[in-house]
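Colleague: Pasting a structure here, questions to come.
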Amino acid sequence: MRLEGVELRRLGLPLRSPFRTSFGVELWRDILLLRVVASDAQGWGECVALPSPSFSSEYIDGAADVIRRFLLPALAGRDLDPDDVAPTLARFRGHRMAKAALEMAILDAWLRSRRRSYAGYLGATRTSVAAGVSIGIMDEIPELLDTVMEYLEQGYQRIKLKIEPGWDIAPVRAVRERFGDALELQVDANGAYTSADVDRLAGLDEFGLELLEQPLAADCCRDHIMLARRLRTPICLDESILSARGAADAIELGACSVVNIKAGRVGGYLEARSTHDVCVTHGVPAFCGGMLETGLGQAANLAVAALPGCTLPADIVASDRYYERDIIEPLRLEAGYITVPDGPGLGVDPLPDALEAATTSKEWLSPI
């Protein structure tokens, strides 16, 4: 399969409600989509980089620039197989989110031309995925409790609370007391704490949490090992896991006992599958994380979430969780599960009118 060109498309999608984490408050999403046009098919990719280098060192304008100047030219003139993309681009350091978006689109096109699905190609074993929802930091506990109730009534099987210093023990206690021990409850700090907060984090042990996600900064492996030894609550790593090899190191060193798999963060969906395989080998539970993707990105995430080793509810939600109008036919929650698309490639396509309404700019790139 040879590339004829790539369209970079920027979207602006307002969020249904502000989503606040320790990185800041998001009111709308600035999204970079890629449309790969090949000799016999086209495919879609979504870059999960944010507008600013907050969650990671990558950001949208930088991702577009590295695709334009380096990644796409490196693939020019090649007869591409999806497995060739990562090795070909390996000489360029970092930029995993940009590489993942390009690989996602190429894999989509390649699979569409062969009438194969993402889920089938990656090795998914389930036709639907248990859905969990993340709730951002709020101003008041009563507001939080009402929000948790709303999502439980919708059928979400797991609640994850974003936490930070000053918004941790009290809201977690309030949720646990209101909804009881049967609630699958997790917390996610997005690296908001330091090793000086060990005693405070140990206070979370009393609530029987399923996991504490990324309590410390991404590069604090030694401190995560220390924290994991101190806490009864399982430590899950997110931002720290940049590859399958990194996941193996973190597990073997005792820095975590759960892994959040994000394809954009590890450099692509094939590396995400390898990260999953590492978790299976080590007997460590995993789940597919999310980055407020559109339905295109969530369709690909569902294929990862349906892998046999992803045993915890995924951070994948119905389309109306984030957006008034998604750019695909809405993904829907049914009895706590979301169906895994089984059509060719991603199994979903953008709705032309929704795509155009959200588009803020387009740029055509030739690989030659």
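A note on labels: chains of the structure tokens are A, B, ... as shown, every chain counts residues from 1, and ligands are counted from 1 in their shown order.
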I'd like the neighbourhood of Asp320 in chain A as a PDB file with N, CA, C and O atoms, in the first residue's frame, where a residue qualifies if any of its atoms comes within 9 Å (using only C-alpha atoms), though same-chain residues fewer than 5 positions away should be ignored.
Modeller:
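Printed below is result.pdb as written:
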ATOM      1  N   ARG A  16     -19.544  19.239  26.591  1.00  0.00           N
ATOM      2  CA  ARG A  16     -20.865  19.427  27.194  1.00  0.00           C
ATOM      3  C   ARG A  16     -20.766  20.169  28.523  1.00  0.00           C
ATOM      4  O   ARG A  16     -21.655  20.949  28.888  1.00  0.00           O
ATOM      5  N   ARG A 325     -22.540  16.688  20.030  1.00  0.00           N
ATOM      6  CA  ARG A 325     -22.622  15.998  18.750  1.00  0.00           C
ATOM      7  C   ARG A 325     -21.252  15.456  18.377  1.00  0.00           C
ATOM      8  O   ARG A 325     -20.309  16.210  18.164  1.00  0.00           O
ATOM      9  N   ASP A 326     -21.149  14.140  18.341  1.00  0.00           N
ATOM     10  CA  ASP A 326     -19.905  13.505  17.932  1.00  0.00           C
ATOM     11  C   ASP A 326     -19.806  13.593  16.409  1.00  0.00           C
ATOM     12  O   ASP A 326     -20.769  13.952  15.726  1.00  0.00           O
ATOM     13  N   PRO A 330     -23.369   8.139  17.035  1.00  0.00           N
ATOM     14  CA  PRO A 330     -22.976   8.066  18.448  1.00  0.00           C
ATOM     15  C   PRO A 330     -22.713   6.650  18.945  1.00  0.00           C
ATOM     16  O   PRO A 330     -23.439   5.713  18.613  1.00  0.00           O
ATOM     17  N   LEU A 331     -21.647   6.524  19.743  1.00  0.00           N
ATOM     18  CA  LEU A 331     -21.430   5.306  20.510  1.00  0.00           C
ATOM     19  C   LEU A 331     -22.388   5.355  21.695  1.00  0.00           C
ATOM     20  O   LEU A 331     -22.471   6.372  22.392  1.00  0.00           O
ATOM     21  N   ARG A 332     -23.079   4.265  21.954  1.00  0.00           N
ATOM     22  CA  ARG A 332     -24.110   4.273  22.989  1.00  0.00           C
ATOM     23  C   ARG A 332     -23.794   3.245  24.082  1.00  0.00           C
ATOM     24  O   ARG A 332     -23.259   2.172  23.812  1.00  0.00           O
TER      25      ARG A 332
END
Colleague: Quick one: DSSP helix (DSSP H, G or I) residues in range 42-193 of chain A, as a PyMOL selection string?
Modeller: chain A and resi 60-75+82-89+96-113+118-122+141-154+169-179
Colleague: With distances taken over only C-alpha atoms, which of A:His224, A:His95, A:His276, A:Lys160 is nearest to Asn260 in chain A?
Modeller: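 Between A:His224, A:His95, A:His276, A:Lys160, the residue approaching Asn260 in chain A most closely is A:His276.
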Colleague: Within 10 Å of Arg173 in chain A, counting only C-alpha atoms, which residues show up once you throw out same-chain ones fewer than 6 positions away? Write them as a list in words, please.
Modeller: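 Non-adjacent residues within range: Leu204, Glu206 and Phe207 of chain A.
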Colleague: Can those selected residues be exported to a file as a compact mmCIF listing (two decimals), in the first residue's frame so that it contains N, CA, C and O atoms?
Modeller:
# COMPACT_ATOMS: atom_id res chain seq x y z
N LEU A 204 -5.80 7.11 51.69
CA LEU A 204 -6.78 6.57 50.75
C LEU A 204 -7.02 5.07 50.95
O LEU A 204 -8.00 4.53 50.45
N GLU A 206 -8.07 3.38 53.34
CA GLU A 206 -9.26 2.98 54.09
C GLU A 206 -10.51 2.85 53.22
O GLU A 206 -11.53 2.32 53.67
N PHE A 207 -10.44 3.33 51.97
CA PHE A 207 -11.65 3.38 51.15
C PHE A 207 -11.79 2.20 50.19
O PHE A 207 -12.74 2.16 49.40
Colleague: Write out as a VMD selection string which residues come within 8 Å of Ala100 in chain A when counting only C-alpha atoms, dropping same-chain ones fewer than 4 positions away.
Modeller: chain A and resid 47 96 104 263 to 264 266 to 269
